[in-house]
Each structure stands twice: as structure tokens, then as C-alpha cells.
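Source file entry39.csv; content: CSV, C-alpha atoms.
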```csv
chain,number,residue,atom,x,y,z
A,1,LEU,CA,0.0,0.0,0.0
A,2,ALA,CA,1.2,3.4,-0.9
A,3,LYS,CA,1.4,5.3,2.4
A,4,THR,CA,2.0,9.0,2.3
A,5,THR,CA,3.6,11.3,4.9
A,6,GLN,CA,2.9,15.1,5.0
A,7,PRO,CA,3.7,17.8,7.5
A,8,ILE,CA,0.8,18.1,10.0
A,9,SER,CA,0.6,21.9,9.7
A,10,MET,CA,2.2,24.9,7.9
A,11,ASP,CA,2.0,28.6,8.4
A,12,SER,CA,2.4,31.3,5.7
A,13,TYR,CA,1.5,34.9,4.9
A,14,GLU,CA,-0.6,36.4,2.2
A,15,GLY,CA,1.3,36.7,-1.1
A,16,GLN,CA,3.9,34.1,-0.4
A,17,GLU,CA,4.4,30.9,-2.3
A,18,VAL,CA,3.7,27.8,-0.3
A,19,ASN,CA,5.2,24.4,-1.0
A,20,ILE,CA,3.8,21.3,0.6
A,21,THR,CA,5.8,18.1,0.3
A,22,CYS,CA,4.4,14.6,0.4
A,23,SER,CA,6.6,11.5,0.9
A,24,HIS,CA,5.5,8.3,-0.7
A,25,ASN,CA,8.5,6.0,-0.7
A,26,ASN,CA,6.7,2.8,-1.8
A,27,ILE,CA,4.9,4.3,-4.7
A,28,ALA,CA,4.1,1.7,-7.4
A,29,THR,CA,4.7,2.0,-11.1
A,30,ASN,CA,1.1,2.6,-11.9
A,31,ASP,CA,0.3,5.0,-9.1
A,32,TYR,CA,-0.7,8.6,-9.6
A,33,ILE,CA,-0.4,11.4,-7.2
A,34,THR,CA,-3.4,13.5,-6.4
A,35,TRP,CA,-3.9,16.5,-4.2
A,36,TYR,CA,-7.1,17.7,-2.6
A,37,GLN,CA,-8.1,20.8,-0.6
A,38,GLN,CA,-10.7,20.7,2.2
A,39,PHE,CA,-12.2,23.7,3.9
A,40,PRO,CA,-14.0,23.4,7.2
A,41,SER,CA,-17.5,22.0,6.9
A,42,GLN,CA,-17.0,21.1,3.2
A,43,GLY,CA,-16.0,18.1,1.2
A,44,PRO,CA,-12.5,17.8,-0.2
A,45,ARG,CA,-12.0,19.5,-3.6
A,46,PHE,CA,-9.7,18.1,-6.3
A,47,ILE,CA,-6.7,20.4,-7.0
A,48,ILE,CA,-4.3,18.6,-9.2
A,49,GLN,CA,-3.0,15.2,-10.3
A,50,GLY,CA,0.2,14.0,-11.9
A,51,TYR,CA,2.4,11.0,-12.7
A,52,LYS,CA,5.8,12.5,-13.2
A,53,THR,CA,7.8,15.7,-13.8
A,54,LYS,CA,5.6,18.8,-13.5
A,55,VAL,CA,1.9,19.5,-13.9
A,56,THR,CA,0.4,23.0,-13.7
A,57,ASN,CA,-3.1,24.3,-13.7
A,58,GLU,CA,-4.8,27.5,-12.9
A,59,VAL,CA,-4.7,26.8,-9.1
A,60,ALA,CA,-1.4,25.0,-8.4
A,61,SER,CA,1.7,23.2,-9.7
A,62,LEU,CA,2.7,19.7,-8.8
A,63,PHE,CA,6.4,18.8,-9.0
A,64,ILE,CA,7.4,15.1,-9.0
A,65,PRO,CA,11.1,14.1,-9.1
A,66,ALA,CA,12.3,11.3,-11.3
A,67,ASP,CA,12.3,8.7,-8.5
A,68,ARG,CA,8.6,9.7,-7.7
A,69,LYS,CA,9.2,9.0,-4.0
A,70,SER,CA,7.9,12.4,-3.1
A,71,SER,CA,5.9,15.2,-4.6
A,72,THR,CA,5.5,18.9,-3.9
A,73,LEU,CA,2.3,20.9,-4.2
A,74,SER,CA,3.1,24.5,-5.0
A,75,LEU,CA,0.5,27.3,-4.3
A,76,PRO,CA,1.6,30.6,-5.8
A,77,ARG,CA,0.8,33.8,-3.9
A,78,VAL,CA,-1.5,32.4,-1.3
A,79,SER,CA,-4.4,34.4,0.1
A,80,LEU,CA,-6.4,34.0,3.3
A,81,SER,CA,-8.9,31.9,1.4
A,82,ASP,CA,-6.2,29.2,0.8
A,83,THR,CA,-6.4,28.4,4.5
A,84,ALA,CA,-7.5,24.7,4.4
A,85,VAL,CA,-6.3,21.2,4.8
A,86,TYR,CA,-4.4,19.7,1.9
A,87,TYR,CA,-4.4,16.0,1.3
A,88,CYS,CA,-1.9,14.0,-0.8
A,89,LEU,CA,-3.2,10.7,-2.2
A,90,VAL,CA,-1.3,8.0,-4.1
A,91,GLY,CA,-2.9,5.2,-5.9
A,92,PRO,CA,-3.6,3.6,-9.4
A,93,ASN,CA,-5.9,5.7,-11.5
A,94,ALA,CA,-8.0,2.7,-12.3
A,95,GLY,CA,-9.6,-0.2,-10.6
A,96,ASN,CA,-11.0,-0.3,-7.2
A,97,ASN,CA,-10.1,2.3,-4.5
A,98,ARG,CA,-9.5,-0.2,-1.8
A,99,LYS,CA,-5.8,0.8,-1.6
A,100,LEU,CA,-6.5,4.5,-1.6
A,101,ILE,CA,-5.4,5.9,1.8
A,102,TRP,CA,-6.2,9.4,3.0
A,103,GLY,CA,-3.8,10.6,5.6
A,104,LEU,CA,-4.4,13.5,8.0
A,105,GLY,CA,-3.3,16.0,5.5
A,106,THR,CA,-1.5,19.3,6.0
A,107,SER,CA,-3.3,22.1,7.7
A,108,LEU,CA,-2.2,25.3,6.1
A,109,ALA,CA,-2.8,28.6,7.9
A,110,VAL,CA,-2.4,31.8,5.8
A,111,ASN,CA,-2.0,34.9,7.9
A,112,PRO,CA,-2.5,38.5,6.9
B,1,ASP,CA,-26.2,23.8,-10.0
B,2,THR,CA,-24.8,21.6,-7.2
B,3,ALA,CA,-22.8,18.7,-8.7
B,4,VAL,CA,-23.1,16.4,-5.7
B,5,SER,CA,-25.8,17.1,-3.2
B,6,GLN,CA,-26.5,15.2,-0.1
B,7,THR,CA,-29.2,15.6,2.5
B,8,PRO,CA,-29.6,16.2,5.3
B,9,LYS,CA,-26.7,18.4,6.2
B,10,TYR,CA,-27.1,17.8,9.9
B,11,LEU,CA,-28.6,14.7,11.6
B,12,VAL,CA,-29.0,14.3,15.4
B,13,THR,CA,-30.5,11.1,16.6
B,14,GLN,CA,-30.6,8.6,19.4
B,15,MET,CA,-28.8,5.4,19.8
B,16,GLY,CA,-30.7,2.5,18.3
B,17,ASN,CA,-32.5,4.5,15.7
B,18,ASP,CA,-32.4,3.9,11.9
B,19,LYS,CA,-31.5,6.8,9.6
B,20,SER,CA,-30.8,7.4,5.9
B,21,ILE,CA,-28.7,9.9,4.1
B,22,LYS,CA,-29.5,10.7,0.5
B,23,CYS,CA,-27.0,11.6,-2.3
B,24,GLU,CA,-27.5,12.7,-5.9
B,25,GLN,CA,-25.0,13.7,-8.6
B,26,ASN,CA,-25.8,15.5,-11.8
B,27,LEU,CA,-22.4,15.0,-13.4
B,28,GLY,CA,-23.2,11.9,-15.3
B,29,HIS,CA,-20.4,10.0,-13.5
B,30,ASP,CA,-20.4,6.2,-13.5
B,31,THR,CA,-19.1,5.7,-9.9
B,32,MET,CA,-20.4,7.0,-6.5
B,33,TYR,CA,-18.9,6.6,-3.1
B,34,TRP,CA,-19.5,7.1,0.6
B,35,TYR,CA,-16.7,8.3,2.8
B,36,LYS,CA,-16.6,8.7,6.6
B,37,GLN,CA,-14.6,11.4,8.3
B,38,ASP,CA,-14.1,10.9,12.0
B,39,SER,CA,-13.4,13.4,14.7
B,40,LYS,CA,-9.7,13.1,14.0
B,41,LYS,CA,-10.3,14.1,10.4
B,42,PHE,CA,-9.3,10.7,8.9
B,43,LEU,CA,-11.2,10.1,5.7
B,44,LYS,CA,-12.1,6.5,5.1
B,45,ILE,CA,-13.8,5.0,2.1
B,46,MET,CA,-16.9,3.0,2.9
B,47,PHE,CA,-18.5,2.0,-0.3
B,48,SER,CA,-18.1,2.4,-4.1
B,49,TYR,CA,-20.9,1.9,-6.5
B,50,ASN,CA,-20.2,1.5,-10.2
B,51,ASN,CA,-23.2,1.4,-12.6
B,52,LYS,CA,-25.5,0.4,-9.7
B,53,GLU,CA,-23.2,-2.4,-8.6
B,54,LEU,CA,-21.4,-2.5,-5.3
B,55,ILE,CA,-17.7,-2.8,-6.1
B,56,ILE,CA,-16.0,-2.6,-2.7
B,57,ASN,CA,-17.1,-2.7,0.8
B,58,GLU,CA,-14.4,-1.9,3.3
B,59,THR,CA,-14.5,-3.1,6.9
B,60,VAL,CA,-17.8,-1.4,7.5
B,61,PRO,CA,-20.4,-3.0,9.8
B,62,ASN,CA,-23.4,-4.5,8.0
B,63,ARG,CA,-25.6,-2.0,9.8
B,64,PHE,CA,-24.6,0.3,7.0
B,65,SER,CA,-26.2,-0.5,3.7
B,66,PRO,CA,-25.9,1.5,0.5
B,67,LYS,CA,-28.8,1.7,-1.9
B,68,SER,CA,-28.5,2.9,-5.5
B,69,PRO,CA,-31.8,3.2,-7.4
B,70,ASP,CA,-30.0,4.5,-10.4
B,71,LYS,CA,-26.6,5.8,-11.5
B,72,ALA,CA,-27.2,9.3,-10.2
B,73,HIS,CA,-28.2,8.3,-6.7
B,74,LEU,CA,-26.5,6.5,-3.8
B,75,ASN,CA,-28.2,6.6,-0.5
B,76,LEU,CA,-26.8,5.3,2.8
B,77,HIS,CA,-29.0,3.6,5.3
B,78,ILE,CA,-27.8,3.0,8.8
B,79,ASN,CA,-29.5,0.6,11.2
B,80,SER,CA,-29.3,0.5,15.0
B,81,LEU,CA,-27.1,3.6,15.3
B,82,GLU,CA,-24.3,3.6,17.8
B,83,LEU,CA,-22.3,6.4,19.5
B,84,GLY,CA,-19.3,5.5,17.4
B,85,ASP,CA,-21.2,6.2,14.2
B,86,SER,CA,-21.0,9.9,15.0
B,87,ALA,CA,-19.0,11.5,12.1
B,88,VAL,CA,-19.3,13.4,8.9
B,89,TYR,CA,-20.3,11.3,6.0
B,90,PHE,CA,-19.4,12.5,2.5
B,91,CYS,CA,-20.9,11.3,-0.8
B,92,ALA,CA,-18.6,11.6,-3.8
B,93,SER,CA,-18.6,10.7,-7.5
B,94,SER,CA,-16.0,10.1,-10.2
B,95,GLN,CA,-16.1,9.5,-13.9
B,96,PHE,CA,-15.2,5.9,-13.6
B,97,LEU,CA,-14.0,3.5,-10.9
B,98,GLY,CA,-10.5,4.3,-9.8
B,99,ASN,CA,-10.5,7.8,-11.2
B,100,TYR,CA,-9.3,10.0,-8.4
B,101,GLY,CA,-10.9,13.2,-9.7
B,102,TYR,CA,-13.6,12.9,-7.1
B,103,THR,CA,-16.3,15.5,-6.7
B,104,PHE,CA,-17.5,15.5,-3.1
B,105,GLY,CA,-20.8,16.6,-1.6
B,106,SER,CA,-20.8,19.0,1.3
B,107,GLY,CA,-21.2,16.3,3.9
B,108,THR,CA,-23.7,15.2,6.5
B,109,ARG,CA,-22.8,15.6,10.1
B,110,LEU,CA,-24.3,12.7,12.1
B,111,THR,CA,-24.4,13.0,15.8
B,112,VAL,CA,-25.7,10.0,17.8
B,113,VAL,CA,-26.7,10.7,21.4
```

Could you take the file, read its structure, and then write that structure out as C-alpha cells?
Amino acid sequence: LAKTTQPISMDSYEGQEVNITCSHNNIATNDYITWYQQFPSQGPRFIIQGYKTKVTNEVASLFIPADRKSSTLSLPRVSLSDTAVYYCLVGPNAGNNRKLIWGLGTSLAVNP
Amino acid sequence: DTAVSQTPKYLVTQMGNDKSIKCEQNLGHDTMYWYKQDSKKFLKIMFSYNNKELIINETVPNRFSPKSPDKAHLNLHINSLELGDSAVYFCASSQFLGNYGYTFGSGTRLTVV
């Protein structure tokens, strides 16, 4: 099973770039890396997904080194509204979800 | 338009009661799920439904039974509620089984007293 490790919490300030790293040492060949954001009293929201190198969308960038044993979610110029919990998931993008494990996530606090 | 909607948002009930939570998605997705988030914020998958067929059922007590009348609906029925069932229950959907681009509902906070 692809277990992930993330920092429990992070602090930042408005306008800064925030990088959240996730370790997944036993990632399998067919595993993808997916990040979600969860605000209080809401369901998680899909942010970005990648397999290798770099993926960028309008919200974030995902950096994955060649060995794929870790990944970094990068949030450019955060605002107060980016205060949330961020989850890193690793698993195959097909088949049943039995092996998909959600950790505690990283609680990001953006300060003014 | 809400993509994944679940009702009720809050549910307070006594031990031993039976309750249901309803979920509907208008995304045309093939697969729907139920997740449980406990007080420590762990998210755990409970059920997956693909084209009206139960695909997986994690170590969930048989007091919990998912019901899917059609591809757009997945309801959760809970019998003989226990204190430990108190949690937030999230419904979600994805294009196909195993696709991790979930769309989650806003959750149902269940409190058993």
C-alpha cells in the first residue's frame, strides 16, 4: 500500500508561495499522485493530479522528481482563502479504490 | 447547479435509531462513493458503486447499507445507530471506478446521542 507522509501543519502569509511536500517511498509503477483541498464543513475538492515531472493548472503546480518517492504541491501567492487542509493521495488511477489511503493532510494557515 | 448534493446536512438522533442519508449527482459520473470522516479528520472510504453495482465494501459494519436506485443516486441507510457512528459522511462521485478526480458533496454531520 502506498502510504503518504505530509507535515501536519504549515504557516504562511498572504502573497507568499507555499510548497507542501508529500513523501511516498513505496509508490508503485502505476500509481498517480493526487492532491485535494478541504475547507471546514466542506467536502474535499480536487486540486491537481500528476504522474511524473511537472503539472500546472490555474490553481497550483505539482512537482514530481524522477524517482517519484515524493511530490510537492506549490501554491503561488496564497491568500487568506487558501487556509485549508491539503491531502496527498497516491494510488492507481484505475480499478477499485481499496488501496487509496487518505492521511491526516497538512493544515495550512495563511496569515494576513 | 450543485454537482453532488446530499441531505440532510445535519442529523442528530438517538442510539438504536435507523436513519438514511441521500445523495445525488448530476455530473453523469459512473461511480459514486460514501466516505466517513471521523473526529480526528481521517477520511475512510466505505463503499463504491459503479453502474449500480457495489464494487468494494471496506470493513464497515453490516448495519450500513448503500442503496442505489440509479446511476445518479446513492443513499446510505444505517440501522441501530451507535455512538461511534458519529462522524461526517461524504458522498462523492467520479467519472469511472478508480479515477481519483472525485467530486465531493458538502457532507452530513451525524451525531448519535

Practice problem: For Phe104 of chain B, work out the shell of residues within 10 Å, counting all atoms listed in the file and skipping chain neighbours fewer than 4 positions away, then give it as an NGL selection string. | Solution: (:A and (42-46)) or (:B and (3-6 or 25 or 32-35 or 90-94))

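Candidate residues A:Pro76, A:Gly50, A:Pro92, A:Pro112 were compared for distance to chain B, and the nearest is A:Pro92, using only C-alpha atoms.
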
Applying 8 Å and all atoms listed in the file, which residues near segment 75-89 of chain B remain after dropping the ones on its own chain fewer than 5 positions away? List them as an mmCIF file with C-alpha atoms, keeping the file's coordinate frame.
```cif
data_model
loop_
_atom_site.group_PDB
_atom_site.id
_atom_site.type_symbol
_atom_site.label_atom_id
_atom_site.label_comp_id
_atom_site.auth_asym_id
_atom_site.auth_seq_id
_atom_site.Cartn_x
_atom_site.Cartn_y
_atom_site.Cartn_z
ATOM 1 C CA GLN B 14 -30.600 8.600 19.400
ATOM 2 C CA MET B 15 -28.800 5.400 19.800
ATOM 3 C CA GLY B 16 -30.700 2.500 18.300
ATOM 4 C CA ASN B 17 -32.500 4.500 15.700
ATOM 5 C CA ASP B 18 -32.400 3.900 11.900
ATOM 6 C CA LYS B 19 -31.500 6.800 9.600
ATOM 7 C CA SER B 20 -30.800 7.400 5.900
ATOM 8 C CA ILE B 21 -28.700 9.900 4.100
ATOM 9 C CA LYS B 22 -29.500 10.700 0.500
ATOM 10 C CA CYS B 23 -27.000 11.600 -2.300
ATOM 11 C CA TRP B 34 -19.500 7.100 0.600
ATOM 12 C CA TYR B 35 -16.700 8.300 2.800
ATOM 13 C CA LYS B 36 -16.600 8.700 6.600
ATOM 14 C CA GLN B 37 -14.600 11.400 8.300
ATOM 15 C CA ASP B 38 -14.100 10.900 12.000
ATOM 16 C CA SER B 39 -13.400 13.400 14.700
ATOM 17 C CA ARG B 63 -25.600 -2.000 9.800
ATOM 18 C CA PHE B 64 -24.600 0.300 7.000
ATOM 19 C CA SER B 65 -26.200 -0.500 3.700
ATOM 20 C CA PRO B 66 -25.900 1.500 0.500
ATOM 21 C CA LYS B 67 -28.800 1.700 -1.900
ATOM 22 C CA SER B 68 -28.500 2.900 -5.500
ATOM 23 C CA GLY B 107 -21.200 16.300 3.900
ATOM 24 C CA THR B 108 -23.700 15.200 6.500
ATOM 25 C CA ARG B 109 -22.800 15.600 10.100
ATOM 26 C CA LEU B 110 -24.300 12.700 12.100
ATOM 27 C CA THR B 111 -24.400 13.000 15.800
ATOM 28 C CA VAL B 112 -25.700 10.000 17.800
ATOM 29 C CA VAL B 113 -26.700 10.700 21.400
#
```

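When atom CA of Asn111 of chain A is paired with atom CA of Leu80 of chain A, their separation reads 6.4 Å.
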
Practice problem: For chain B, work out the contacting residues on chain A at 12 Å, counting all atoms listed in the file, and write them as a VMD selection string. | Solution: chain A and resid 8 30 to 50 85 to 107

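Among B:Asn51, B:Thr2, B:Pro61, B:Pro69, the residue with the shortest atom-to-atom distance to Asn26 of chain B, counting all atoms listed in the file, is B:Thr2.
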
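Interatomic distance, atom CA of Ser79 of chain A against atom CA of Ile64 of chain A: 24.4 Å.
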